[in-house]
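S.K.: Encoded as C-alpha cells, here's the structure I'll be asking about.
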Amino acid sequence: MTIEEKIIQAVVAGVKALYDAVVIADQVQLQKTKKEFEGHLTVVVFPFVKIARKKPEDVAAELGKYLQDNAQDVVANYNVVKGFLNIVVSPASWIQLLNEISADEKFGFKEATNDSPLVMIEYSSPNTNKPLHLGHMRNNLLGSALARIIEANGNKVVKTNIVNDRGIHICKSMLAWQKWGNGVTPETAGKKGDHLIGDFYVLFDKHYKAECDELAKQYIADGMGEEEAKEKAKQDAPLIKEAHEMLVKWEHNDPEVRQLWKTMNEWVYAGFDETYKMMGVSFDKIYYESDTYLEGKEKVLEGLEKGLFYRREDGSVWADLSSDGLDEKLLLRSDGTSVYMTQDIGTAKLRYEDYPIDKMIYVVGNEQNYHFQVLSLLLDKLGFEWGKDLVHFSYGMVELPNGKMKSREGTVVDADELMADMIEDAYQVSKEMTKKVQIPEDEAHEIARKVGLGALKYFILKVDARKNMLFNPEESINFNGDTGPFIQYTYARIASILRKAEEAGIVVPTAIDSNVVISEKETDLIQKLNGFKAAVRQAGQDYSPSGIANYCYELTKEYNQFYHDFSILGEEDENKKIFRLALSKAVAKVVRLGMGLLGIEMPERM
RNA sequence: GGUCCGGUAGCUCAGUUGGAUUAGAGCAACAGCCUUCUAAGCUGUGGGUCAAGGGUUCGAAUCCCUUCCGGAUCACCA
C-alpha cells in the first residue's frame, strides 16, 4: 500500500471513529503540502465539517491526533492551518517508497492482460502528393506518444495509418510529371520521392494558376463579372480538366494511369518511410484509401435498406441528423460515387473485420471536429459498437508568425529539413561546449541526433494538444530551460555519476536502509518520483502527452536543484552516499520511462 | 447566423477532479555562482485587473450565465 493509500484509509477510519459517519476514499482530498507550510501531504477537512458539526480547525486537530495514534508508521507529525491538516510523513516511509520504485523496472506502467481492451489508434494519414510538414509532425508525434501512453495504462494497442493515396490531388502531381518531368526519378534527381512528387504538385499549381488568370482575363474582357469569371476559369482551365480525366481513367482501371500511379506512390512511400524512421514513428497496420473507398458504399446502401438513411430524387443518399442536433449529411453523390464520409465508414468496416476493436481513437486536426461528430453518430447507427464512444483526439494547428501553414503559398516548414536542421544545431551547440572528455565523432553525431530530435519533439509535445501552437522558424528551438535537452542533460549527468560509482566499485543495493537520515529536498524528490504513476494514469485518462512532458520537466528541475546543493560521490557518510545514488538512479529511470513515452531518447552523455 | 474550441507576464506555455495572505515555469533583460559528481546547470531582481462583468460558496484562473476578442466548422472538397 502506498503512503497516500495508507493515509486515506486512516482518514476514513478516523471519521468513522470520531464522528460515526461513513465516507468513501474518493471523498478524502489529499494533496501535496504547499511549500510555505511544514509537512508533505495535506488533508483538506472542509468536506467533513458538516458531518462533524465542528469548526474546521477542530476537525483537523482531532483527525490529526487520530492519524498520529493510528497510523504511526507513516504519520510522524502533523499541524493544522485553518481547515488544512498538514501531515509530516516519517522518513522510513519515504525510503521504503523509494525502494519500491527502484524495484519496479517499469514503475508507473500497467501491463496489458488478455482481458485488456483493444484500442486502435489512427494517426498520420498523409496525402501522397507532398512531403510531410510540421503540421504532420505534430500529428505523428502526438499519435505515437498517445499510443505508448495508452499502452502504459494497460491496454492493447494497434497503431494504424490510413493513406490517402487516390484522388484529384495525386492526379495533379502525376499529370505534371508526365508533362514536364522528362522521365525524372528520385534516383536521377537525387531527391527523396515525396519531395520530388511534391515539387510536381507545386509545378502543377503554378501552371494551373497561370491558366486561370489568363482565362479569367479573357472572360472579363467578354463582359463577365470578376468573381464569376474567376470561378469559371477555375473549372474551365485545360489543366484541371485533364487532371479530372486522369482521375476518371484511374477509376476505370486504365492500365497506363494505374501503372504511373503505382510507380509514383512507391516513390512517395519510400520517402515517407525515411521520414517516419527519423521521427521514430511506426504502425502496426496501414490501410490505403484506394482499397477502402468502395467499401463504404456497401455499408451505406445497407443502412439505406434498413431505413437509416434516405434517397433523394436525384439519387443521392443522405443521413438526416437533425434529431441529433446536426444537419443532413451527404453519403453518396447522385452519380453514386463516395464522399469523404463514405470512405471513413468503409475504413471502419474493414478495421472492424480485421480487429476486435473496443475503442477507436482518431488523431486528426480540430478542423474536422464536425466530421467526427457526424462519423460517430453514423457508425453508431450502422451498428459499430465503438462508434458512439469513438474518440476524436483533436489537436490545434501549428501556426507560423505570419499565420497558418499553407502549402499552396509555400509557407510550410518541411519535416525532413526541420529535423536535419535541429540535429545540426545540436551538433554545433555541443561542439561549442568545452568538454573535459573528448567524445568520438560518431558518438557525437548520435548524441546530436537524440538531442536535436529531443528538442523538437519536446517543443511540440509539451504544449496542450488542443491549443494552436506557434512555431517561429526565425528563432530556432532552444536548448536551455524548459526543453528536451535540459531533461536529457540531467539524465546524462546522472548516467555519468552512475558510471563513476561503478568504476569505483560501489554497488547500489535494491533496498536502502530505512534509517538513513534524509533531507527535505530528498523527500521532495521521492514524492515527485512517486507522482509518475499518477501522471501516467492522468495522461491516459485525458489523452495528454503534454502532461507527461510537464511531469518530466518538474522532476528534472527538482533533481537539478538537488544535484547542485548536495554532493553525491563526495558524501562522506557511506549510507547517505548509497541512498543518493539509489535516488539518482531512480530519477534517471523514471525520466527515461517518461520521455520514452514521448518517443524521446536519452543520451548516456552529452 | 448555428455549433465547437481557445483568451493566464513583452514572448512561449504550466496550473491535476474548485483549496491555503504572495497565480507558477521557461525565453528575453539585468545581477551573482565553475581549483569540487557535466555551467545545455544553479541562485536572485524586475514583469499580471488570470479578456470583461455578474452568479454559485467557507474558498473561483478553475463551475454557471452574459458580453468582448481570436480560431475552426456548417460543400455532390478531402
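Naming scheme: A, B, ... for chains in displayed order of the C-alpha cells; residues 1 onward per chain; ligands 1 onward as shown.
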Out of segment 304-487 of chain A, which residues get strand (DSSP E or B) from DSSP, as a PyMOL selection string?
M.R.: chain A and resi 310-311+317-320+328-332+338+359-365+391-395+398-400+403-404+406+411+414+469-470
S.K.: Residues of chain B within 7 Å of chain A, using only C-alpha atoms (C1' of nucleotides), as an MDAnalysis selection string?
M.R.: chainID B and resid 6 13 26 37:38 40 42 72:73 76 78
S.K.: Given the selection you just returned, output its residues as a file containing N, CA, C and O atoms (P, O5', C5', C4', C3', O3' and C1' of nucleotides), formatted as a PDB file, in the first residue's frame.
M.R.:
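Output (part.pdb):
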```pdb
ATOM      1  P     G B   6     -11.488  24.771 -24.657  1.00  0.00           P
ATOM      2  O5'   G B   6     -10.473  25.749 -25.375  1.00  0.00           O
ATOM      3  C5'   G B   6      -9.345  26.251 -24.742  1.00  0.00           C
ATOM      4  C4'   G B   6      -8.671  27.227 -25.664  1.00  0.00           C
ATOM      5  C3'   G B   6      -8.450  28.587 -25.029  1.00  0.00           C
ATOM      6  O3'   G B   6      -7.278  28.573 -24.239  1.00  0.00           O
ATOM      7  C1'   G B   6      -9.391  28.893 -27.161  1.00  0.00           C
ATOM      8  P     C B  13       2.303  28.886 -27.553  1.00  0.00           P
ATOM      9  O5'   C B  13       2.677  28.040 -26.264  1.00  0.00           O
ATOM     10  C5'   C B  13       1.762  27.817 -25.224  1.00  0.00           C
ATOM     11  C4'   C B  13       2.528  27.221 -24.088  1.00  0.00           C
ATOM     12  C3'   C B  13       1.685  26.709 -22.924  1.00  0.00           C
ATOM     13  O3'   C B  13       1.211  25.404 -23.196  1.00  0.00           O
ATOM     14  C1'   C B  13       3.485  27.988 -22.091  1.00  0.00           C
ATOM     15  P     G B  26      12.561  29.250 -14.502  1.00  0.00           P
ATOM     16  O5'   G B  26      12.634  29.171 -16.080  1.00  0.00           O
ATOM     17  C5'   G B  26      12.983  27.947 -16.718  1.00  0.00           C
ATOM     18  C4'   G B  26      12.643  28.010 -18.178  1.00  0.00           C
ATOM     19  C3'   G B  26      13.229  29.193 -18.937  1.00  0.00           C
ATOM     20  O3'   G B  26      14.568  28.951 -19.319  1.00  0.00           O
ATOM     21  C1'   G B  26      10.946  28.990 -19.473  1.00  0.00           C
ATOM     22  P     C B  37      34.047  18.102 -10.237  1.00  0.00           P
ATOM     23  O5'   C B  37      32.955  17.026  -9.820  1.00  0.00           O
ATOM     24  C5'   C B  37      33.339  15.647  -9.730  1.00  0.00           C
ATOM     25  C4'   C B  37      32.158  14.762 -10.005  1.00  0.00           C
ATOM     26  C3'   C B  37      31.268  15.188 -11.169  1.00  0.00           C
ATOM     27  O3'   C B  37      31.787  14.638 -12.371  1.00  0.00           O
ATOM     28  C1'   C B  37      29.978  14.433  -9.292  1.00  0.00           C
ATOM     29  P     U B  38      30.877  14.700 -13.760  1.00  0.00           P
ATOM     30  O5'   U B  38      30.230  16.168 -13.895  1.00  0.00           O
ATOM     31  C5'   U B  38      31.027  17.311 -14.097  1.00  0.00           C
ATOM     32  C4'   U B  38      30.429  18.139 -15.220  1.00  0.00           C
ATOM     33  C3'   U B  38      29.085  18.776 -14.894  1.00  0.00           C
ATOM     34  O3'   U B  38      29.117  20.126 -15.339  1.00  0.00           O
ATOM     35  C1'   U B  38      28.956  17.604 -16.926  1.00  0.00           C
ATOM     36  P     A B  40      26.910  23.523 -20.073  1.00  0.00           P
ATOM     37  O5'   A B  40      25.326  23.563 -20.108  1.00  0.00           O
ATOM     38  C5'   A B  40      24.646  24.793 -20.336  1.00  0.00           C
ATOM     39  C4'   A B  40      23.281  24.493 -20.894  1.00  0.00           C
ATOM     40  C3'   A B  40      22.450  23.582 -20.001  1.00  0.00           C
ATOM     41  O3'   A B  40      21.072  23.886 -20.167  1.00  0.00           O
ATOM     42  C1'   A B  40      22.822  22.504 -22.059  1.00  0.00           C
ATOM     43  P     C B  42      18.688  24.514 -13.488  1.00  0.00           P
ATOM     44  O5'   C B  42      19.502  25.057 -12.246  1.00  0.00           O
ATOM     45  C5'   C B  42      19.674  24.255 -11.096  1.00  0.00           C
ATOM     46  C4'   C B  42      20.448  25.029 -10.058  1.00  0.00           C
ATOM     47  C3'   C B  42      19.793  26.326  -9.597  1.00  0.00           C
ATOM     48  O3'   C B  42      18.794  26.098  -8.618  1.00  0.00           O
ATOM     49  C1'   C B  42      22.065  26.725 -10.078  1.00  0.00           C
ATOM     50  P     A B  72      -9.651  29.968 -39.144  1.00  0.00           P
ATOM     51  O5'   A B  72     -10.347  28.608 -38.703  1.00  0.00           O
ATOM     52  C5'   A B  72      -9.576  27.429 -38.574  1.00  0.00           C
ATOM     53  C4'   A B  72     -10.434  26.325 -38.023  1.00  0.00           C
ATOM     54  C3'   A B  72     -11.657  25.974 -38.860  1.00  0.00           C
ATOM     55  O3'   A B  72     -11.338  25.133 -39.945  1.00  0.00           O
ATOM     56  C1'   A B  72     -12.286  26.185 -36.600  1.00  0.00           C
ATOM     57  P     U B  73     -12.069  25.295 -41.321  1.00  0.00           P
ATOM     58  O5'   U B  73     -13.491  24.663 -41.013  1.00  0.00           O
ATOM     59  C5'   U B  73     -13.609  23.302 -40.640  1.00  0.00           C
ATOM     60  C4'   U B  73     -14.982  23.051 -40.075  1.00  0.00           C
ATOM     61  C3'   U B  73     -16.132  23.378 -41.023  1.00  0.00           C
ATOM     62  O3'   U B  73     -16.398  22.297 -41.896  1.00  0.00           O
ATOM     63  C1'   U B  73     -16.557  24.313 -38.889  1.00  0.00           C
ATOM     64  P     C B  76     -22.932  19.609 -50.836  1.00  0.00           P
ATOM     65  O5'   C B  76     -22.622  18.446 -51.863  1.00  0.00           O
ATOM     66  C5'   C B  76     -21.712  17.486 -51.481  1.00  0.00           C
ATOM     67  C4'   C B  76     -21.147  16.830 -52.707  1.00  0.00           C
ATOM     68  C3'   C B  76     -20.724  17.829 -53.790  1.00  0.00           C
ATOM     69  O3'   C B  76     -19.552  17.319 -54.378  1.00  0.00           O
ATOM     70  C1'   C B  76     -22.450  16.404 -54.603  1.00  0.00           C
ATOM     71  P     A B  78     -14.370  14.323 -52.143  1.00  0.00           P
ATOM     72  O5'   A B  78     -13.027  14.292 -51.315  1.00  0.00           O
ATOM     73  C5'   A B  78     -11.770  14.165 -51.959  1.00  0.00           C
ATOM     74  C4'   A B  78     -10.702  14.382 -50.925  1.00  0.00           C
ATOM     75  C3'   A B  78     -10.738  13.404 -49.758  1.00  0.00           C
ATOM     76  O3'   A B  78     -10.009  12.228 -50.053  1.00  0.00           O
ATOM     77  C1'   A B  78     -10.620  15.607 -48.931  1.00  0.00           C
TER      78        A B  78
END
```
S.K.: Could you give me, as a list in words, the residues within 12 Å of segment 56-61 of chain B, counting only C-alpha atoms (C1' of nucleotides) and dropping anything in the same chain fewer than 6 positions from it?
M.R.: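 Result of the neighbour search: Val44, Val45, Phe46, Pro47, Val49, Lys50, Lys55, Pro56, Lys82 and Gly83 of chain A; G7, U8, G15, G18, G19, A20, A23, G24, G48 and C50 of chain B.
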S.K.: Let's have the selection written as a CSV table (one decimal), in the first residue's frame, with N, CA and C atoms (P, O5', C5', C4', C3', O3' and C1' of nucleotides).
M.R.:
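Okay, this is what ended up in result34.csv:
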```csv
chain,number,residue,atom,x,y,z
A,44,VAL,N,-7.5,18.0,3.3
A,44,VAL,CA,-8.5,19.1,3.3
A,44,VAL,C,-9.7,18.6,4.1
A,45,VAL,N,-10.0,19.3,5.2
A,45,VAL,CA,-11.0,18.7,6.1
A,45,VAL,C,-12.4,19.4,5.9
A,46,PHE,N,-12.5,20.4,5.0
A,46,PHE,CA,-13.7,21.1,4.8
A,46,PHE,C,-14.9,20.1,4.5
A,47,PRO,N,-14.7,19.1,3.7
A,47,PRO,CA,-15.8,18.2,3.4
A,47,PRO,C,-16.3,17.5,4.7
A,49,VAL,N,-16.5,18.9,7.7
A,49,VAL,CA,-17.0,19.9,8.7
A,49,VAL,C,-18.5,19.8,9.0
A,50,LYS,N,-19.3,19.5,8.0
A,50,LYS,CA,-20.7,19.4,8.2
A,50,LYS,C,-21.0,18.1,8.9
A,55,LYS,N,-15.9,23.3,14.1
A,55,LYS,CA,-15.1,24.2,13.3
A,55,LYS,C,-14.1,23.4,12.6
A,56,PRO,N,-13.7,23.9,11.4
A,56,PRO,CA,-12.7,23.3,10.6
A,56,PRO,C,-11.4,23.0,11.4
A,82,LYS,N,-6.0,26.5,9.6
A,82,LYS,CA,-7.4,26.6,9.2
A,82,LYS,C,-7.9,25.2,8.9
A,83,GLY,N,-8.5,25.0,7.8
A,83,GLY,CA,-9.1,23.7,7.5
A,83,GLY,C,-8.2,22.7,6.9
B,7,G,P,-7.4,29.3,-22.8
B,7,G,O5',-7.2,30.9,-23.3
B,7,G,C5',-6.1,31.3,-24.0
B,7,G,C4',-6.2,32.7,-24.3
B,7,G,C3',-6.1,33.6,-23.1
B,7,G,O3',-5.3,34.8,-23.3
B,7,G,C1',-8.1,34.0,-24.3
B,8,U,P,-3.8,34.6,-23.0
B,8,U,O5',-3.8,34.4,-21.4
B,8,U,C5',-4.3,35.5,-20.5
B,8,U,C4',-3.8,35.3,-19.2
B,8,U,C3',-2.2,35.3,-19.0
B,8,U,O3',-1.7,36.7,-19.0
B,8,U,C1',-3.0,33.5,-17.9
B,15,G,P,-1.7,22.2,-17.6
B,15,G,O5',-2.0,22.7,-16.1
B,15,G,C5',-1.5,22.1,-15.0
B,15,G,C4',-1.7,23.0,-13.8
B,15,G,C3',-3.1,23.5,-13.5
B,15,G,O3',-3.8,22.5,-12.8
B,15,G,C1',-1.7,25.4,-13.4
B,18,G,P,-13.8,20.4,-9.1
B,18,G,O5',-12.7,21.4,-9.6
B,18,G,C5',-11.6,21.6,-8.9
B,18,G,C4',-11.4,23.1,-8.5
B,18,G,C3',-10.7,23.2,-7.2
B,18,G,O3',-9.8,24.3,-7.4
B,18,G,C1',-12.7,24.3,-7.1
B,19,G,P,-8.3,24.0,-7.0
B,19,G,O5',-8.1,25.1,-5.9
B,19,G,C5',-6.9,25.2,-5.2
B,19,G,C4',-7.2,25.8,-3.9
B,19,G,C3',-6.1,25.4,-2.8
B,19,G,O3',-5.8,26.6,-2.1
B,19,G,C1',-8.3,25.0,-2.0
B,20,A,P,-4.8,27.6,-2.9
B,20,A,O5',-4.7,28.6,-1.7
B,20,A,C5',-5.8,29.0,-1.0
B,20,A,C4',-5.4,29.3,0.4
B,20,A,C3',-4.1,30.0,0.6
B,20,A,O3',-4.2,30.9,1.6
B,20,A,C1',-4.0,27.9,1.7
B,23,A,P,-0.3,36.2,-6.1
B,23,A,O5',0.1,34.8,-6.8
B,23,A,C5',-0.4,33.5,-6.3
B,23,A,C4',-0.5,32.6,-7.4
B,23,A,C3',0.7,32.6,-8.4
B,23,A,O3',1.7,31.7,-8.0
B,23,A,C1',-1.3,32.7,-9.6
B,24,G,P,3.0,32.3,-7.2
B,24,G,O5',4.1,31.2,-7.5
B,24,G,C5',4.9,31.3,-8.6
B,24,G,C4',4.8,30.0,-9.4
B,24,G,C3',5.9,29.8,-10.4
B,24,G,O3',7.0,29.2,-9.8
B,24,G,C1',3.8,29.4,-11.4
B,48,G,P,3.1,43.7,-13.7
B,48,G,O5',1.9,43.5,-14.8
B,48,G,C5',1.9,42.4,-15.7
B,48,G,C4',0.6,41.6,-15.6
B,48,G,C3',-0.4,42.3,-14.6
B,48,G,O3',-1.7,42.2,-15.2
B,48,G,C1',0.0,40.0,-14.0
B,50,C,P,-6.7,39.3,-12.7
B,50,C,O5',-6.2,38.8,-14.2
B,50,C,C5',-7.1,38.3,-15.1
B,50,C,C4',-6.5,37.1,-15.8
B,50,C,C3',-7.5,36.1,-16.2
B,50,C,O3',-7.3,35.6,-17.5
B,50,C,C1',-5.8,35.1,-14.9
```
S.K.: For A28 of chain B, find every residue with an atom within 12 Å (counting only C-alpha atoms (C1' of nucleotides)), except residues of its own chain fewer than 6 positions away, and show them as a PDB file with all heavy atoms, in the first residue's frame.
M.R.:
```pdb
ATOM      1  N   GLU A 475      13.485  32.053 -34.860  1.00  0.00           N
ATOM      2  CA  GLU A 475      14.152  31.699 -33.608  1.00  0.00           C
ATOM      3  C   GLU A 475      14.192  30.184 -33.550  1.00  0.00           C
ATOM      4  O   GLU A 475      13.167  29.555 -33.446  1.00  0.00           O
ATOM      5  CB  GLU A 475      13.360  32.186 -32.400  1.00  0.00           C
ATOM      6  CG  GLU A 475      12.713  33.527 -32.574  1.00  0.00           C
ATOM      7  CD  GLU A 475      11.694  33.804 -31.478  1.00  0.00           C
ATOM      8  OE1 GLU A 475      11.469  32.927 -30.631  1.00  0.00           O
ATOM      9  OE2 GLU A 475      11.114  34.894 -31.512  1.00  0.00           O
TER      10      GLU A 475
ATOM     11  P     A B   9      -0.561  37.029 -19.970  1.00  0.00           P
ATOM     12  OP1   A B   9      -1.023  38.162 -20.774  1.00  0.00           O
ATOM     13  OP2   A B   9      -0.095  35.785 -20.606  1.00  0.00           O
ATOM     14  O5'   A B   9       0.619  37.532 -19.004  1.00  0.00           O
ATOM     15  C5'   A B   9       0.514  38.772 -18.322  1.00  0.00           C
ATOM     16  C4'   A B   9       1.893  39.361 -18.121  1.00  0.00           C
ATOM     17  O4'   A B   9       2.562  38.597 -17.080  1.00  0.00           O
ATOM     18  C3'   A B   9       2.808  39.312 -19.338  1.00  0.00           C
ATOM     19  O3'   A B   9       3.582  40.496 -19.405  1.00  0.00           O
ATOM     20  C2'   A B   9       3.717  38.122 -19.061  1.00  0.00           C
ATOM     21  O2'   A B   9       4.992  38.259 -19.647  1.00  0.00           O
ATOM     22  C1'   A B   9       3.833  38.181 -17.551  1.00  0.00           C
ATOM     23  N9    A B   9       4.162  36.902 -16.906  1.00  0.00           N
ATOM     24  C8    A B   9       4.225  35.658 -17.457  1.00  0.00           C
ATOM     25  N7    A B   9       4.577  34.709 -16.617  1.00  0.00           N
ATOM     26  C5    A B   9       4.754  35.386 -15.420  1.00  0.00           C
ATOM     27  C6    A B   9       5.112  34.962 -14.145  1.00  0.00           C
ATOM     28  N6    A B   9       5.397  33.705 -13.829  1.00  0.00           N
ATOM     29  N1    A B   9       5.184  35.894 -13.175  1.00  0.00           N
ATOM     30  C2    A B   9       4.916  37.154 -13.477  1.00  0.00           C
ATOM     31  N3    A B   9       4.546  37.676 -14.648  1.00  0.00           N
ATOM     32  C4    A B   9       4.492  36.737 -15.588  1.00  0.00           C
ATOM     33  P     G B  10       3.040  41.789 -20.106  1.00  0.00           P
ATOM     34  OP1   G B  10       3.544  42.953 -19.366  1.00  0.00           O
ATOM     35  OP2   G B  10       1.594  41.601 -20.360  1.00  0.00           O
ATOM     36  O5'   G B  10       3.823  41.713 -21.494  1.00  0.00           O
ATOM     37  C5'   G B  10       3.607  42.693 -22.504  1.00  0.00           C
ATOM     38  C4'   G B  10       4.603  42.458 -23.604  1.00  0.00           C
ATOM     39  O4'   G B  10       5.929  42.673 -23.070  1.00  0.00           O
ATOM     40  C3'   G B  10       4.609  41.028 -24.128  1.00  0.00           C
ATOM     41  O3'   G B  10       3.716  40.869 -25.201  1.00  0.00           O
ATOM     42  C2'   G B  10       6.063  40.834 -24.565  1.00  0.00           C
ATOM     43  O2'   G B  10       6.294  41.396 -25.830  1.00  0.00           O
ATOM     44  C1'   G B  10       6.812  41.659 -23.516  1.00  0.00           C
ATOM     45  N9    G B  10       7.221  40.879 -22.341  1.00  0.00           N
ATOM     46  C8    G B  10       6.846  41.142 -21.047  1.00  0.00           C
ATOM     47  N7    G B  10       7.348  40.305 -20.184  1.00  0.00           N
ATOM     48  C5    G B  10       8.111  39.435 -20.962  1.00  0.00           C
ATOM     49  C6    G B  10       8.894  38.314 -20.584  1.00  0.00           C
ATOM     50  O6    G B  10       9.067  37.858 -19.440  1.00  0.00           O
ATOM     51  N1    G B  10       9.485  37.713 -21.680  1.00  0.00           N
ATOM     52  C2    G B  10       9.354  38.129 -22.966  1.00  0.00           C
ATOM     53  N2    G B  10      10.001  37.413 -23.874  1.00  0.00           N
ATOM     54  N3    G B  10       8.624  39.170 -23.346  1.00  0.00           N
ATOM     55  C4    G B  10       8.043  39.769 -22.299  1.00  0.00           C
ATOM     56  P     C B  11       2.899  39.508 -25.351  1.00  0.00           P
ATOM     57  OP1   C B  11       1.948  39.683 -26.469  1.00  0.00           O
ATOM     58  OP2   C B  11       2.411  39.082 -24.029  1.00  0.00           O
ATOM     59  O5'   C B  11       4.022  38.495 -25.828  1.00  0.00           O
ATOM     60  C5'   C B  11       4.585  38.593 -27.137  1.00  0.00           C
ATOM     61  C4'   C B  11       5.564  37.459 -27.362  1.00  0.00           C
ATOM     62  O4'   C B  11       6.669  37.610 -26.432  1.00  0.00           O
ATOM     63  C3'   C B  11       5.006  36.072 -27.061  1.00  0.00           C
ATOM     64  O3'   C B  11       4.318  35.531 -28.170  1.00  0.00           O
ATOM     65  C2'   C B  11       6.261  35.287 -26.705  1.00  0.00           C
ATOM     66  O2'   C B  11       6.974  34.895 -27.851  1.00  0.00           O
ATOM     67  C1'   C B  11       7.076  36.338 -25.953  1.00  0.00           C
ATOM     68  N1    C B  11       6.843  36.305 -24.504  1.00  0.00           N
ATOM     69  C2    C B  11       7.441  35.280 -23.739  1.00  0.00           C
ATOM     70  O2    C B  11       8.131  34.441 -24.326  1.00  0.00           O
ATOM     71  N3    C B  11       7.246  35.262 -22.412  1.00  0.00           N
ATOM     72  C4    C B  11       6.497  36.190 -21.825  1.00  0.00           C
ATOM     73  N4    C B  11       6.337  36.110 -20.500  1.00  0.00           N
ATOM     74  C5    C B  11       5.879  37.222 -22.554  1.00  0.00           C
ATOM     75  C6    C B  11       6.070  37.247 -23.880  1.00  0.00           C
ATOM     76  P     U B  12       3.144  34.472 -27.941  1.00  0.00           P
ATOM     77  OP1   U B  12       2.575  34.170 -29.268  1.00  0.00           O
ATOM     78  OP2   U B  12       2.275  34.936 -26.841  1.00  0.00           O
ATOM     79  O5'   U B  12       3.953  33.198 -27.442  1.00  0.00           O
ATOM     80  C5'   U B  12       4.836  32.508 -28.310  1.00  0.00           C
ATOM     81  C4'   U B  12       5.378  31.280 -27.643  1.00  0.00           C
ATOM     82  O4'   U B  12       6.246  31.674 -26.541  1.00  0.00           O
ATOM     83  C3'   U B  12       4.331  30.397 -26.970  1.00  0.00           C
ATOM     84  O3'   U B  12       3.702  29.546 -27.912  1.00  0.00           O
ATOM     85  C2'   U B  12       5.164  29.643 -25.949  1.00  0.00           C
ATOM     86  O2'   U B  12       5.897  28.596 -26.544  1.00  0.00           O
ATOM     87  C1'   U B  12       6.152  30.724 -25.493  1.00  0.00           C
ATOM     88  N1    U B  12       5.698  31.411 -24.269  1.00  0.00           N
ATOM     89  C2    U B  12       5.999  30.818 -23.061  1.00  0.00           C
ATOM     90  O2    U B  12       6.605  29.773 -22.965  1.00  0.00           O
ATOM     91  N3    U B  12       5.558  31.492 -21.956  1.00  0.00           N
ATOM     92  C4    U B  12       4.849  32.690 -21.936  1.00  0.00           C
ATOM     93  O4    U B  12       4.519  33.183 -20.868  1.00  0.00           O
ATOM     94  C5    U B  12       4.577  33.243 -23.239  1.00  0.00           C
ATOM     95  C6    U B  12       5.000  32.595 -24.332  1.00  0.00           C
ATOM     96  P     G B  47       7.674  44.688 -10.604  1.00  0.00           P
ATOM     97  OP1   G B  47       6.959  45.933 -10.267  1.00  0.00           O
ATOM     98  OP2   G B  47       7.775  43.594  -9.610  1.00  0.00           O
ATOM     99  O5'   G B  47       7.041  44.097 -11.932  1.00  0.00           O
ATOM    100  C5'   G B  47       6.876  44.916 -13.091  1.00  0.00           C
ATOM    101  C4'   G B  47       6.734  44.060 -14.311  1.00  0.00           C
ATOM    102  O4'   G B  47       7.874  43.181 -14.415  1.00  0.00           O
ATOM    103  C3'   G B  47       5.542  43.102 -14.300  1.00  0.00           C
ATOM    104  O3'   G B  47       4.341  43.757 -14.687  1.00  0.00           O
ATOM    105  C2'   G B  47       5.986  42.051 -15.307  1.00  0.00           C
ATOM    106  O2'   G B  47       5.778  42.493 -16.632  1.00  0.00           O
ATOM    107  C1'   G B  47       7.490  41.960 -15.029  1.00  0.00           C
ATOM    108  N9    G B  47       7.801  40.838 -14.129  1.00  0.00           N
ATOM    109  C8    G B  47       7.982  40.875 -12.774  1.00  0.00           C
ATOM    110  N7    G B  47       8.244  39.701 -12.258  1.00  0.00           N
ATOM    111  C5    G B  47       8.240  38.850 -13.348  1.00  0.00           C
ATOM    112  C6    G B  47       8.466  37.450 -13.420  1.00  0.00           C
ATOM    113  O6    G B  47       8.721  36.666 -12.492  1.00  0.00           O
ATOM    114  N1    G B  47       8.361  36.977 -14.722  1.00  0.00           N
ATOM    115  C2    G B  47       8.072  37.738 -15.818  1.00  0.00           C
ATOM    116  N2    G B  47       8.000  37.110 -16.987  1.00  0.00           N
ATOM    117  N3    G B  47       7.867  39.057 -15.767  1.00  0.00           N
ATOM    118  C4    G B  47       7.969  39.529 -14.515  1.00  0.00           C
TER     119        G B  47
END
```
S.K.: Based on DSSP run over this structure's backbone, return all residues of segment 229-460 of chain A in alpha helix (DSSP H), as a PyMOL selection string.
M.R.: chain A and resi 229-236+238-251+255-279+289-292+295-305+340-354+369-381+415-432+441-460
S.K.: Could you tell me how far atom CA of Ala504 of chain A lies from atom CA of Val516 of chain A, in Å and to one decimal?
M.R.: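 Between these atoms lies a distance of 21.7 Å.
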S.K.: Using Å and a single decimal, report how far atom CA of Leu203 of chain A sits from atom CA of Pro186 of chain A.
M.R.: 16.4 Å
S.K.: A:Leu141, A:Met120, A:Ile101, A:Ala112: which is nearest Tyr276 of chain A, counting only C-alpha atoms?
M.R.: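 Smallest separation from Tyr276 of chain A among the options: A:Leu141.
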S.K.: So which one's closest to Leu30 of chain A, B:U45, B:U35, B:U62, B:U17? Using only C-alpha atoms (C1' of nucleotides), please.
M.R.: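 The answer is B:U17, which sits nearest to Leu30 of chain A.
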S.K.: Between A:Gly135, A:Pro91, A:Pro545, A:Gly198, which residue has the minimum interatomic distance to Met174 of chain A, considering only C-alpha atoms?
M.R.: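 Residue with the minimum atom-to-atom distance to Met174 of chain A: A:Gly198.
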S.K.: Please, what distance in Å, to one decimal, runs between atom CA of Val374 of chain A and atom C1' of G2 of chain B?
M.R.: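 These atoms are spaced 15.7 Å apart.
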S.K.: Taking only C-alpha atoms into account, name the residue in A:Met595, A:Ile3, A:Leu18, A:Ile506 that is nearest to Ala92 of chain A.
M.R.: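 Distance minimum relative to Ala92 of chain A lands on A:Ile3.
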S.K.: I want to know what sits within 12 Å of Phe200 of chain A, based on only C-alpha atoms (C1' of nucleotides), with residues of the same chain fewer than 5 positions away left out; could you give that as a ChimeraX atom specification?
M.R.: /A:128-131,169-182,184-185,193-195,205-208,264
